[in-house]
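**Q** If it helps, the file is called structure39.cif and holds mmCIF, N, CA and C atoms:
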data_upload
loop_
_atom_site.label_atom_id
_atom_site.label_comp_id
_atom_site.auth_asym_id
_atom_site.auth_seq_id
_atom_site.Cartn_x
_atom_site.Cartn_y
_atom_site.Cartn_z
N MET A 1 0.83 -1.16 0.00
CA MET A 1 0.00 0.00 0.00
C MET A 1 0.90 1.25 0.00
N LEU A 2 0.65 2.17 -0.88
CA LEU A 2 1.46 3.38 -0.98
C LEU A 2 0.78 4.53 -0.27
N TYR A 3 1.59 5.45 0.22
CA TYR A 3 1.08 6.63 0.90
C TYR A 3 0.47 7.57 -0.12
N ASP A 4 -0.74 8.03 0.14
CA ASP A 4 -1.44 8.99 -0.73
C ASP A 4 -1.44 10.34 -0.02
N PRO A 5 -0.65 11.31 -0.49
CA PRO A 5 -0.56 12.60 0.19
C PRO A 5 -1.87 13.36 0.24
N ASP A 6 -2.83 13.01 -0.62
CA ASP A 6 -4.13 13.68 -0.61
C ASP A 6 -5.08 13.11 0.43
N GLU A 7 -4.75 11.96 0.98
CA GLU A 7 -5.61 11.32 1.97
C GLU A 7 -5.27 11.85 3.36
N ARG A 8 -6.31 12.12 4.14
CA ARG A 8 -6.13 12.64 5.50
C ARG A 8 -5.49 11.57 6.38
N CYS A 9 -4.57 11.96 7.23
CA CYS A 9 -3.96 11.03 8.18
C CYS A 9 -4.99 10.55 9.19
N ARG A 10 -4.87 9.33 9.62
CA ARG A 10 -5.73 8.77 10.65
C ARG A 10 -5.02 8.92 11.99
N ARG A 11 -5.78 9.25 13.00
CA ARG A 11 -5.22 9.34 14.34
C ARG A 11 -5.49 8.03 15.05
N ILE A 12 -4.45 7.46 15.67
CA ILE A 12 -4.57 6.22 16.42
C ILE A 12 -4.07 6.49 17.83
N VAL A 13 -4.90 6.14 18.82
CA VAL A 13 -4.53 6.32 20.22
C VAL A 13 -4.26 4.94 20.81
N ALA A 14 -3.03 4.73 21.27
CA ALA A 14 -2.65 3.45 21.87
C ALA A 14 -2.80 3.55 23.38
N GLN A 15 -3.46 2.55 23.97
CA GLN A 15 -3.67 2.50 25.41
C GLN A 15 -2.98 1.26 25.95
N ARG A 16 -2.23 1.42 27.02
CA ARG A 16 -1.44 0.31 27.56
C ARG A 16 -2.28 -0.93 27.83
N ALA A 17 -3.41 -0.80 28.49
CA ALA A 17 -4.22 -1.96 28.86
C ALA A 17 -5.58 -1.91 28.17
N GLY A 18 -5.58 -1.54 26.92
CA GLY A 18 -6.85 -1.44 26.22
C GLY A 18 -6.68 -1.53 24.72
N PRO A 19 -7.70 -1.11 24.01
CA PRO A 19 -7.70 -1.22 22.56
C PRO A 19 -6.92 -0.09 21.89
N LEU A 20 -6.73 -0.23 20.60
CA LEU A 20 -6.27 0.89 19.78
C LEU A 20 -7.51 1.64 19.34
N VAL A 21 -7.57 2.91 19.60
CA VAL A 21 -8.71 3.73 19.21
C VAL A 21 -8.31 4.47 17.93
N VAL A 22 -9.09 4.25 16.85
CA VAL A 22 -8.74 4.78 15.53
C VAL A 22 -9.85 5.66 15.02
N GLU A 23 -9.47 6.84 14.51
CA GLU A 23 -10.46 7.68 13.85
C GLU A 23 -10.87 7.00 12.56
N GLY A 24 -12.17 6.90 12.33
CA GLY A 24 -12.70 6.20 11.16
C GLY A 24 -12.99 7.15 10.03
N PRO A 25 -13.52 6.65 8.97
CA PRO A 25 -13.83 5.24 8.73
C PRO A 25 -12.57 4.41 8.53
N VAL A 26 -12.69 3.11 8.74
CA VAL A 26 -11.54 2.22 8.62
C VAL A 26 -11.87 0.98 7.80
N GLU A 27 -10.83 0.42 7.23
CA GLU A 27 -10.91 -0.87 6.54
C GLU A 27 -9.76 -1.70 7.08
N ILE A 28 -10.07 -2.90 7.55
CA ILE A 28 -9.07 -3.76 8.17
C ILE A 28 -9.00 -5.07 7.40
N ILE A 29 -7.79 -5.50 7.11
CA ILE A 29 -7.58 -6.79 6.45
C ILE A 29 -7.05 -7.76 7.50
N LEU A 30 -7.83 -8.81 7.77
CA LEU A 30 -7.46 -9.81 8.78
C LEU A 30 -6.45 -10.80 8.23
N GLU A 31 -5.89 -11.62 9.10
CA GLU A 31 -4.86 -12.59 8.71
C GLU A 31 -5.30 -13.50 7.58
N ASP A 32 -6.58 -13.88 7.57
CA ASP A 32 -7.07 -14.80 6.54
C ASP A 32 -7.50 -14.09 5.26
N GLY A 33 -7.27 -12.77 5.19
CA GLY A 33 -7.61 -12.01 4.00
C GLY A 33 -9.00 -11.39 4.03
N THR A 34 -9.79 -11.72 5.04
CA THR A 34 -11.12 -11.13 5.19
C THR A 34 -10.98 -9.62 5.41
N VAL A 35 -11.82 -8.85 4.74
CA VAL A 35 -11.81 -7.40 4.89
C VAL A 35 -13.04 -6.99 5.68
N VAL A 36 -12.83 -6.24 6.76
CA VAL A 36 -13.94 -5.70 7.55
C VAL A 36 -13.86 -4.18 7.50
N ARG A 37 -15.02 -3.54 7.50
CA ARG A 37 -15.07 -2.09 7.38
C ARG A 37 -15.99 -1.51 8.44
N SER A 38 -15.69 -0.26 8.81
CA SER A 38 -16.58 0.49 9.68
C SER A 38 -16.59 1.93 9.19
N ASP A 39 -17.79 2.48 9.09
CA ASP A 39 -17.94 3.88 8.70
C ASP A 39 -18.09 4.80 9.91
N ARG A 40 -17.96 4.24 11.11
CA ARG A 40 -18.08 5.05 12.32
C ARG A 40 -16.95 6.08 12.38
N PHE A 41 -17.17 7.17 13.12
CA PHE A 41 -16.16 8.22 13.22
C PHE A 41 -14.98 7.82 14.09
N CYS A 42 -15.17 6.78 14.93
CA CYS A 42 -14.11 6.32 15.80
C CYS A 42 -14.39 4.85 16.13
N VAL A 43 -13.36 4.00 16.07
CA VAL A 43 -13.53 2.59 16.39
C VAL A 43 -12.44 2.15 17.37
N ALA A 44 -12.74 1.12 18.16
CA ALA A 44 -11.77 0.54 19.08
C ALA A 44 -11.39 -0.83 18.55
N LEU A 45 -10.11 -1.02 18.31
CA LEU A 45 -9.61 -2.29 17.78
C LEU A 45 -8.98 -3.11 18.90
N CYS A 46 -9.40 -4.36 19.00
CA CYS A 46 -8.92 -5.26 20.02
C CYS A 46 -7.44 -5.58 19.82
N THR A 47 -6.66 -5.49 20.91
CA THR A 47 -5.25 -5.87 20.85
C THR A 47 -4.96 -7.11 21.70
N CYS A 48 -5.93 -7.53 22.53
CA CYS A 48 -5.70 -8.69 23.41
C CYS A 48 -6.23 -9.98 22.80
N ARG A 49 -7.03 -9.88 21.75
CA ARG A 49 -7.63 -11.02 21.06
C ARG A 49 -8.63 -11.81 21.90
N ARG A 50 -9.15 -11.18 22.96
CA ARG A 50 -10.18 -11.83 23.78
C ARG A 50 -11.59 -11.46 23.31
N SER A 51 -11.70 -10.48 22.46
CA SER A 51 -13.00 -9.96 22.04
C SER A 51 -13.80 -11.01 21.28
N GLN A 52 -15.08 -11.09 21.59
CA GLN A 52 -15.98 -11.99 20.87
C GLN A 52 -16.36 -11.42 19.50
N ILE A 53 -16.05 -10.16 19.27
CA ILE A 53 -16.38 -9.51 17.99
C ILE A 53 -15.11 -9.00 17.31
N TYR A 54 -13.99 -9.72 17.52
CA TYR A 54 -12.70 -9.36 16.95
C TYR A 54 -12.84 -9.07 15.45
N PRO A 55 -12.25 -8.02 14.90
CA PRO A 55 -11.19 -7.19 15.44
C PRO A 55 -11.69 -6.01 16.28
N TRP A 56 -12.98 -5.88 16.44
CA TRP A 56 -13.53 -4.78 17.24
C TRP A 56 -13.43 -5.12 18.72
N CYS A 57 -13.17 -4.14 19.54
CA CYS A 57 -13.05 -4.34 20.98
C CYS A 57 -14.43 -4.44 21.63
N ASP A 58 -14.62 -5.41 22.53
CA ASP A 58 -15.86 -5.52 23.30
C ASP A 58 -15.58 -5.37 24.79
N THR A 59 -14.44 -4.82 25.14
CA THR A 59 -13.94 -4.58 26.51
C THR A 59 -13.61 -5.86 27.27
N SER A 60 -13.41 -6.97 26.59
CA SER A 60 -13.01 -8.21 27.25
C SER A 60 -11.69 -8.07 27.99
N HIS A 61 -10.83 -7.15 27.57
CA HIS A 61 -9.54 -6.94 28.23
C HIS A 61 -9.73 -6.51 29.68
N ARG A 62 -10.85 -5.89 30.00
CA ARG A 62 -11.09 -5.43 31.39
C ARG A 62 -11.24 -6.60 32.35
N LYS A 63 -11.72 -7.72 31.88
CA LYS A 63 -11.95 -8.88 32.75
C LYS A 63 -10.65 -9.46 33.28
N SER A 64 -9.54 -9.25 32.59
CA SER A 64 -8.27 -9.84 33.00
C SER A 64 -7.40 -8.86 33.77
N GLU A 65 -7.81 -7.61 33.86
CA GLU A 65 -7.02 -6.61 34.59
C GLU A 65 -7.11 -6.86 36.09
N ARG A 66 -6.01 -6.69 36.76
CA ARG A 66 -5.98 -6.83 38.20
C ARG A 66 -6.04 -5.45 38.83
N PRO A 67 -6.77 -5.29 39.93
CA PRO A 67 -6.80 -3.99 40.61
C PRO A 67 -5.43 -3.64 41.18
N HIS A 68 -5.13 -2.39 41.21
CA HIS A 68 -3.82 -1.92 41.74
C HIS A 68 -3.83 -1.84 43.23
#
Just dump the structure as structure tokens.
**A**
Amino acid sequence: MLYDPDERCRRIVAQRAGPLVVEGPVEIILEDGTVVRSDRFCVALCTCRRSQIYPWCDTSHRKSERPH
């Protein structure tokens, strides 16, 4: 994929114990080649792979967090 200077940059917010929050719309290509899309203005992408709706985050990562 080549960089298109006319396309607006996407902002991605990385959270240590949570999902990647991405300004949308987004198109994601999964390992098996499946393409998933969202037209939402902001999406949360699962990084722990516990989500039942992967690649979208369903907050499953919260269940494994230990209180401080």
**Q** Expand the PyMOL selection byres (((chain A and resi 19 and name CA) around 9) and name CA) into the explicit residue set it covers here, and present it as a tab-separated table (two decimals) with N, CA and C atoms, in the coordinates of the input.
**A**
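Writing the result to out_33.tsv gives the following:
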chain	number	residue	atom	x	y	z
A	13	VAL	N	-4.90	6.14	18.82
A	13	VAL	CA	-4.53	6.32	20.22
A	13	VAL	C	-4.26	4.94	20.81
A	14	ALA	N	-3.03	4.73	21.27
A	14	ALA	CA	-2.65	3.45	21.87
A	14	ALA	C	-2.80	3.55	23.38
A	15	GLN	N	-3.46	2.55	23.97
A	15	GLN	CA	-3.67	2.50	25.41
A	15	GLN	C	-2.98	1.26	25.95
A	16	ARG	N	-2.23	1.42	27.02
A	16	ARG	CA	-1.44	0.31	27.56
A	16	ARG	C	-2.28	-0.93	27.83
A	17	ALA	N	-3.41	-0.80	28.49
A	17	ALA	CA	-4.22	-1.96	28.86
A	17	ALA	C	-5.58	-1.91	28.17
A	18	GLY	N	-5.58	-1.54	26.92
A	18	GLY	CA	-6.85	-1.44	26.22
A	18	GLY	C	-6.68	-1.53	24.72
A	20	LEU	N	-6.73	-0.23	20.60
A	20	LEU	CA	-6.27	0.89	19.78
A	20	LEU	C	-7.51	1.64	19.34
A	21	VAL	N	-7.57	2.91	19.60
A	21	VAL	CA	-8.71	3.73	19.21
A	21	VAL	C	-8.31	4.47	17.93
A	44	ALA	N	-12.74	1.12	18.16
A	44	ALA	CA	-11.77	0.54	19.08
A	44	ALA	C	-11.39	-0.83	18.55
A	45	LEU	N	-10.11	-1.02	18.31
A	45	LEU	CA	-9.61	-2.29	17.78
A	45	LEU	C	-8.98	-3.11	18.90
A	46	CYS	N	-9.40	-4.36	19.00
A	46	CYS	CA	-8.92	-5.26	20.02
A	46	CYS	C	-7.44	-5.58	19.82
A	47	THR	N	-6.66	-5.49	20.91
A	47	THR	CA	-5.25	-5.87	20.85
A	47	THR	C	-4.96	-7.11	21.70
A	48	CYS	N	-5.93	-7.53	22.53
A	48	CYS	CA	-5.70	-8.69	23.41
A	48	CYS	C	-6.23	-9.98	22.80
A	56	TRP	N	-12.98	-5.88	16.44
A	56	TRP	CA	-13.53	-4.78	17.24
A	56	TRP	C	-13.43	-5.12	18.72
A	57	CYS	N	-13.17	-4.14	19.54
A	57	CYS	CA	-13.05	-4.34	20.98
A	57	CYS	C	-14.43	-4.44	21.63
A	59	THR	N	-14.44	-4.82	25.14
A	59	THR	CA	-13.94	-4.58	26.51
A	59	THR	C	-13.61	-5.86	27.27
A	61	HIS	N	-10.83	-7.15	27.57
A	61	HIS	CA	-9.54	-6.94	28.23
A	61	HIS	C	-9.73	-6.51	29.68
**Q** Which distance in Å separates atom C of Arg49 of chain A and atom N of Lys63 of chain A, to one decimal?
**A**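 Between atom C of Arg49 of chain A and atom N of Lys63 of chain A the gap is 11.2 Å.
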**Q** Just to confirm, what's the straight-line distance from atom CA of Arg11 of chain A to atom CA of Gly24 of chain A in Å (one decimal)?
**A** 8.7 Å
**Q** How would you write, as a ChimeraX atom specification, the set of residues in chain A that DSSP gives as helix (DSSP H, G or I)?
**A** /A:60-64
**Q** Mind pulling up the distance from atom CA of Pro55 of chain A to atom CA of Glu7 of chain A?
**A**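 A separation of 23.6 Å between them.
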**Q** Per DSSP on the backbone, what are the strand (DSSP E or B) residues of chain A, as a list in words?
**A** Ile12, Val13, Ala14, Leu20, Val21, Val22, Glu23, Val26, Glu27, Ile28, Ile29, Val35, Val36, Arg37, Ser38, Cys42, Val43, Ala44, Leu45 and Trp56 of chain A
**Q** Name every residue that the PyMOL selection byres ((chain A and resi 40) around 6) selects in this structure, writing the answer as a ChimeraX atom specification with chains first and numbers rising.
**A** /A:24-26,38-39,41-43
**Q** Any chance you could work out the axis-aligned box around segment 18-35 of chain A, listed atoms only, 5 Å on each side, giving centre and edge lengths in Å to one decimal, as AutoDock Vina command-line options?
**A**
--center_x -9.3 --center_y -3.6 --center_z 15.5 --size_x 19.0 --size_y 32.5 --size_z 32.9
**Q** Need to verify the contact set: Glu31 of chain A, 12 Å, only C-alpha atoms, exclusion of same-chain residues closer than 3 positions in sequence. Can you return it as JSON, numbers by chain?
**A** {"A": [28, 34, 35, 36, 54, 55]}
**Q** Convert the current residue selection to file output with N, CA and C atoms, as a tab-separated table (two decimals), keeping the file's coordinate frame.
**A**
chain	number	residue	atom	x	y	z
A	28	ILE	N	-10.07	-2.90	7.55
A	28	ILE	CA	-9.07	-3.76	8.17
A	28	ILE	C	-9.00	-5.07	7.40
A	34	THR	N	-9.79	-11.72	5.04
A	34	THR	CA	-11.12	-11.13	5.19
A	34	THR	C	-10.98	-9.62	5.41
A	35	VAL	N	-11.82	-8.85	4.74
A	35	VAL	CA	-11.81	-7.40	4.89
A	35	VAL	C	-13.04	-6.99	5.68
A	36	VAL	N	-12.83	-6.24	6.76
A	36	VAL	CA	-13.94	-5.70	7.55
A	36	VAL	C	-13.86	-4.18	7.50
A	54	TYR	N	-13.99	-9.72	17.52
A	54	TYR	CA	-12.70	-9.36	16.95
A	54	TYR	C	-12.84	-9.07	15.45
A	55	PRO	N	-12.25	-8.02	14.90
A	55	PRO	CA	-11.19	-7.19	15.44
A	55	PRO	C	-11.69	-6.01	16.28
